[in-house]
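> Quick one: this structure, given as structure tokens, is what I'll be asking you about.
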Amino acid sequence: MTYREQPGNGAFESLLQAITRHGAAGVIVPTFEHLGPNPEERVRAIRELAEAGVYALAPTADRTERHPVR
């Protein structure tokens, strides 16, 4: 499932509910900034409230490969 944060749409809250409801082990995002405003707080919320990992894929210099960032 893809959740896209936009002002006032509650996508992050929906993401938290889905993680909890389905018992997801983790969330993958292109960068932590894709979680919306205050990404550090949102990563912490996912880890603590939903008990799931958060993984960001950061592009390499040539942008041909992506590696997980922990």
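Residues are referred to by chain and number: the chain letter is A, B, ... according to the order shown in the structure tokens, the number counts from 1 in that chain, and ligands are numbered separately from 1 in the order shown.
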Taking the DSSP assignment computed from this structure's backbone, write out as a ChimeraX atom specification all residues of chain A that belong to helix (DSSP H, G or I).
/A:11-22,32-35,39-49
> Taking the chain letters and numbering used in this document, name the residues of segment 12-61 of chain A that DSSP puts in strand (DSSP E or B), as number ranges by chain.
A: 26-29, 53-59
> Counting only C-alpha atoms, figure out which residue out of A:Asn38, A:Val43, A:Tyr3, A:Asn9 gets nearest to Gly26 of chain A.
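Among A:Asn38, A:Val43, A:Tyr3, A:Asn9, it is A:Val43 that comes nearest to Gly26 of chain A.
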> Between atom CA of Ile46 of chain A and atom CA of Ile19 of chain A, what is the distance, to one decimal in Å?
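Answer for the atom CA of Ile46 of chain A to atom CA of Ile19 of chain A separation: 8.4 Å.
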> I'd like the contact shell of Ile28 of chain A - 7 Å cut-off, only C-alpha atoms, skipping same-chain residues fewer than 4 positions apart - returned as a PyMOL selection string.
chain A and resi 54-56
> Can you pull out the residues contacting Ala45 of chain A? Cut-off 12 Å, using only C-alpha atoms, and skip same-chain residues under 2 positions away; I want them as a ChimeraX atom specification.
/A:12-13,15-17,19-20,27,35,38-43,47-54
> Just to confirm, what's the straight-line distance from atom CA of His22 of chain A to atom CA of Glu5 of chain A in Å (one decimal)?
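Taking atom CA of His22 of chain A and atom CA of Glu5 of chain A, their separation equals 20.0 Å.
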